[in-house]
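> Can you keep this structure in mind? I'll have questions shortly.
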Amino acid sequence: MTRIRGGGMDRRRFLTGVGGVGLAVVAGPTLLGACSRVGTGNTMDRIREQGYISVGFANEAPYGYTDVETGELTGQAPELARAIFGELGIDALRGVPVQFDGLIPGLLGGQFDMVAAGMAITPERCQEVAFTNPDYLARTAFLVPEGNPEGIESFGAFVENQDLTLGVMNATVEQQTAEDAGVPGDQVQTAADPSSLFELLETGRIDAVSLTAISLRWMLDVRGGPFEVTEAFFPVIDGEEQVGGGGFAVRQEDGDLREAFNTQLEEFKESGRLLEIIEPFGFSADELPGDLTAADLCEA
């Protein structure tokens, strides 16, 4: 049985990690905004009037990150948002970098108006925020030492072998999936960003990293090393395949913003422009969401 689950340019320009809110960099058309509250009132009207939208991102390549050579916010989610809002008459993004587990609190606290970070759409998150329709499907994989000496192909490997340790990003779907799959908490090492996870694997403190296959392929391409990415899959929990997808989060009261975004996203899907925008970041036609909607993922 399959269950729907809300689920990651020059690739050598890799994120080194800019932690926390408060980084202020201006580069080209993108502004990385300092920590402040966005305005009040109708968000769609306000961002049209001001000519930009503030977005939160978590510095996770290839979803949303700072290009260390240019200082610009880029990645699959910011570039898609930039294109969609450009069609809506809003010409610029202002990026606010926060750790992944601070994205929803930052959105609700008024630090920015949208999360542009490749966030998986899950029923739990849908209780707090509203999501645009998914713009990609997210399959899980593991980054493991070359040859996969421990035979890690699923979360079950960690349940069966108590000597194995898994690395995940804090507050991610992979962390929750590991818990749902029965992986003991003392076998899970969390980190704030992909770079930290890579270093844990590189130094032998963990046996595998779990993220979306997209993120891991990108990480391996950029960092290199004696590692490999396992075959991508949708996790199976209690006998059900958990199909996941990701999108953009907004506050629940911002229905006009979500509707306008979804309308333009649908046009991009039909014209092929969606794939054209996200393909440079390691996405393929296999990651396109088809007719999957945010409601499907929220109600799963």
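Chain lettering (A, B, ...) mirrors the order of the structure tokens, residue numbering begins at 1 for each chain separately, and ligand numbering begins at 1 in order of display.
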Contacts of Glu174 in chain A at 12 Å or less, counting only C-alpha atoms, minus same-chain residues fewer than 6 places along, as an MDAnalysis selection string?

chainID A and resid 5:8 119:120 122 138:142 154:155 166:168 180:181 183 188:190 209:213 234:235 242 244

> If you run DSSP on the backbone here, which positions in range 22-225 of chain A get helix (DSSP H, G or I)? Please write them as a PyMOL selection string.

chain A and resi 43-50+76-87+100-108+123-126+156-160+173-180+185-187+194-202+213-223

> Pick from A:Ile152, A:Glu240, A:Val250, A:Gln99: nearest to Ile53 in chain A, with only C-alpha atoms counted?

A:Val250

> Measuring atom to atom with only C-alpha atoms, identify which of A:Leu143, A:Ala157, A:Ile277, A:Ile104 is nearest to Cys126 in chain A.

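Nearest to Cys126 in chain A: A:Ile104.
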
> Within 9 Å of Gln264 in chain A, counting only C-alpha atoms, which residues show up once you throw out same-chain ones fewer than 2 positions away? Write them as an MDAnalysis selection string, please.

chainID A and resid 84:85 87:88 259:262 266:269

> Would you put the residues from that selection into a file with N, CA, C and O atoms, as a short mmCIF file (atom, residue, chain, number, x, y, z; two decimals), in the first residue's frame?


data_model
loop_
_atom_site.label_atom_id
_atom_site.label_comp_id
_atom_site.auth_asym_id
_atom_site.auth_seq_id
_atom_site.Cartn_x
_atom_site.Cartn_y
_atom_site.Cartn_z
N ILE A 84 8.38 32.88 -9.97
CA ILE A 84 6.94 32.98 -9.78
C ILE A 84 6.55 34.39 -9.35
O ILE A 84 5.62 34.99 -9.91
N PHE A 85 7.26 34.95 -8.39
CA PHE A 85 6.91 36.29 -7.94
C PHE A 85 7.22 37.34 -9.01
O PHE A 85 6.55 38.37 -9.08
N GLU A 87 6.60 36.93 -12.11
CA GLU A 87 5.39 36.92 -12.93
C GLU A 87 4.24 37.65 -12.23
O GLU A 87 3.31 38.13 -12.89
N LEU A 88 4.30 37.72 -10.91
CA LEU A 88 3.26 38.40 -10.14
C LEU A 88 3.60 39.88 -9.88
O LEU A 88 2.90 40.55 -9.12
N GLU A 259 -2.84 31.25 -3.02
CA GLU A 259 -3.61 31.01 -4.24
C GLU A 259 -2.90 31.58 -5.46
O GLU A 259 -2.83 30.92 -6.52
N ALA A 260 -2.35 32.78 -5.34
CA ALA A 260 -1.64 33.39 -6.46
C ALA A 260 -0.41 32.57 -6.83
O ALA A 260 -0.10 32.35 -8.02
N PHE A 261 0.31 32.11 -5.81
CA PHE A 261 1.50 31.29 -6.04
C PHE A 261 1.12 29.98 -6.73
O PHE A 261 1.76 29.57 -7.71
N ASN A 262 0.07 29.32 -6.23
CA ASN A 262 -0.34 28.04 -6.80
C ASN A 262 -0.77 28.18 -8.26
O ASN A 262 -0.51 27.30 -9.09
N GLU A 266 1.12 26.19 -11.26
CA GLU A 266 0.43 25.29 -12.19
C GLU A 266 0.77 25.64 -13.63
O GLU A 266 0.98 24.74 -14.47
N GLU A 267 0.86 26.93 -13.94
CA GLU A 267 1.24 27.34 -15.29
C GLU A 267 2.66 26.89 -15.61
O GLU A 267 2.96 26.44 -16.73
N PHE A 268 3.55 26.98 -14.63
CA PHE A 268 4.93 26.54 -14.83
C PHE A 268 4.99 25.03 -15.06
O PHE A 268 5.80 24.55 -15.86
N LYS A 269 4.18 24.28 -14.35
CA LYS A 269 4.15 22.83 -14.54
C LYS A 269 3.69 22.48 -15.94
O LYS A 269 4.28 21.63 -16.62
#

> From a DSSP pass on the backbone, collect the residues of range 88-252 of chain A flagged as strand (DSSP E or B) and hand them back as a PyMOL selection string.

chain A and resi 92-97+114-120+130-131+136-137+140-145+166-169+188-191+208-212+227-229+233+236-237+240-243+245-250

> Write the selection just made, keeping C-alpha atoms, as a PDB file, in the first residue's frame?


ATOM      1  CA  ALA A  92      13.065  40.732  -5.524  1.00  0.00           C
ATOM      2  CA  LEU A  93      13.560  38.308  -2.662  1.00  0.00           C
ATOM      3  CA  ARG A  94      14.999  39.250   0.703  1.00  0.00           C
ATOM      4  CA  GLY A  95      16.465  36.173   2.347  1.00  0.00           C
ATOM      5  CA  VAL A  96      16.626  35.541   6.072  1.00  0.00           C
ATOM      6  CA  PRO A  97      18.915  32.602   6.991  1.00  0.00           C
ATOM      7  CA  MET A 114       7.416  32.608   3.247  1.00  0.00           C
ATOM      8  CA  VAL A 115       9.648  29.609   3.834  1.00  0.00           C
ATOM      9  CA  ALA A 116      11.680  28.916   0.686  1.00  0.00           C
ATOM     10  CA  ALA A 117      13.743  25.964   1.848  1.00  0.00           C
ATOM     11  CA  GLY A 118      12.441  22.782   0.250  1.00  0.00           C
ATOM     12  CA  MET A 119      10.269  21.982   3.267  1.00  0.00           C
ATOM     13  CA  ALA A 120       8.440  18.658   3.289  1.00  0.00           C
ATOM     14  CA  ALA A 130      -0.266  26.617   5.111  1.00  0.00           C
ATOM     15  CA  PHE A 131       1.627  25.159   2.156  1.00  0.00           C
ATOM     16  CA  TYR A 136       8.852  18.335  -6.185  1.00  0.00           C
ATOM     17  CA  LEU A 137       8.724  14.781  -4.846  1.00  0.00           C
ATOM     18  CA  THR A 140      14.934   9.380   0.873  1.00  0.00           C
ATOM     19  CA  ALA A 141      18.427   7.898   0.600  1.00  0.00           C
ATOM     20  CA  PHE A 142      21.574   7.369   2.665  1.00  0.00           C
ATOM     21  CA  LEU A 143      25.098   8.630   2.188  1.00  0.00           C
ATOM     22  CA  VAL A 144      27.390   5.782   3.220  1.00  0.00           C
ATOM     23  CA  PRO A 145      31.044   4.772   2.866  1.00  0.00           C
ATOM     24  CA  LEU A 166      22.465   7.474  11.797  1.00  0.00           C
ATOM     25  CA  GLY A 167      22.971  11.182  11.139  1.00  0.00           C
ATOM     26  CA  VAL A 168      20.004  13.463  10.362  1.00  0.00           C
ATOM     27  CA  MET A 169      19.277  17.182  10.363  1.00  0.00           C
ATOM     28  CA  VAL A 188      20.499   8.940  15.970  1.00  0.00           C
ATOM     29  CA  GLN A 189      22.900  11.894  15.849  1.00  0.00           C
ATOM     30  CA  THR A 190      21.351  15.246  14.883  1.00  0.00           C
ATOM     31  CA  ALA A 191      23.100  18.215  13.301  1.00  0.00           C
ATOM     32  CA  ALA A 208      25.278   7.029   7.389  1.00  0.00           C
ATOM     33  CA  VAL A 209      23.538  10.320   6.661  1.00  0.00           C
ATOM     34  CA  SER A 210      19.855  10.346   5.779  1.00  0.00           C
ATOM     35  CA  LEU A 211      18.426  13.217   3.720  1.00  0.00           C
ATOM     36  CA  THR A 212      16.566  13.418   0.453  1.00  0.00           C
ATOM     37  CA  PHE A 227      31.250   7.700  -0.235  1.00  0.00           C
ATOM     38  CA  GLU A 228      28.175   6.765  -2.234  1.00  0.00           C
ATOM     39  CA  VAL A 229      24.452   7.501  -2.244  1.00  0.00           C
ATOM     40  CA  PHE A 233      13.134   5.223  -1.936  1.00  0.00           C
ATOM     41  CA  VAL A 236       7.786   2.172   4.391  1.00  0.00           C
ATOM     42  CA  ILE A 237       6.208   2.557   7.847  1.00  0.00           C
ATOM     43  CA  GLU A 240       2.731   1.623   3.942  1.00  0.00           C
ATOM     44  CA  GLU A 241       4.946   3.498   1.501  1.00  0.00           C
ATOM     45  CA  GLN A 242       5.226   7.129   2.575  1.00  0.00           C
ATOM     46  CA  VAL A 243       5.136   9.298  -0.557  1.00  0.00           C
ATOM     47  CA  GLY A 245       6.738  16.118  -1.458  1.00  0.00           C
ATOM     48  CA  GLY A 246       7.888  19.603  -0.585  1.00  0.00           C
ATOM     49  CA  GLY A 247       6.695  23.148  -1.111  1.00  0.00           C
ATOM     50  CA  PHE A 248       6.641  26.681   0.277  1.00  0.00           C
ATOM     51  CA  ALA A 249       5.132  27.522   3.667  1.00  0.00           C
ATOM     52  CA  VAL A 250       3.119  30.668   4.417  1.00  0.00           C
TER      53      VAL A 250
END

> Using only C-alpha atoms, can you tell me which of A:Glu160, A:Arg217, A:Asp101, A:Thr203 comes closest to Gln175 in chain A?

A:Asp101

> Which of these, A:Asn133, A:Ser271, A:Ser215, A:Gln187, has the shortest distance to Pro62 in chain A once you count only C-alpha atoms?

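Checking each candidate against Pro62 in chain A, we get A:Ser215 as the closest.
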
> Need to verify the contact set: Gly182 in chain A, 9 Å, only C-alpha atoms, exclusion of same-chain residues closer than 6 positions in sequence. Can you return it as a list in words?

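The residues satisfying every condition are Phe155, Gly156, Phe158 and Val159 of chain A.
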
> Closest to Asp135 in chain A among A:Asp67, A:Glu179, A:Asp291, A:Asp186, using only C-alpha atoms?

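Ranked by minimum distance to Asp135 in chain A, first place goes to A:Asp291.
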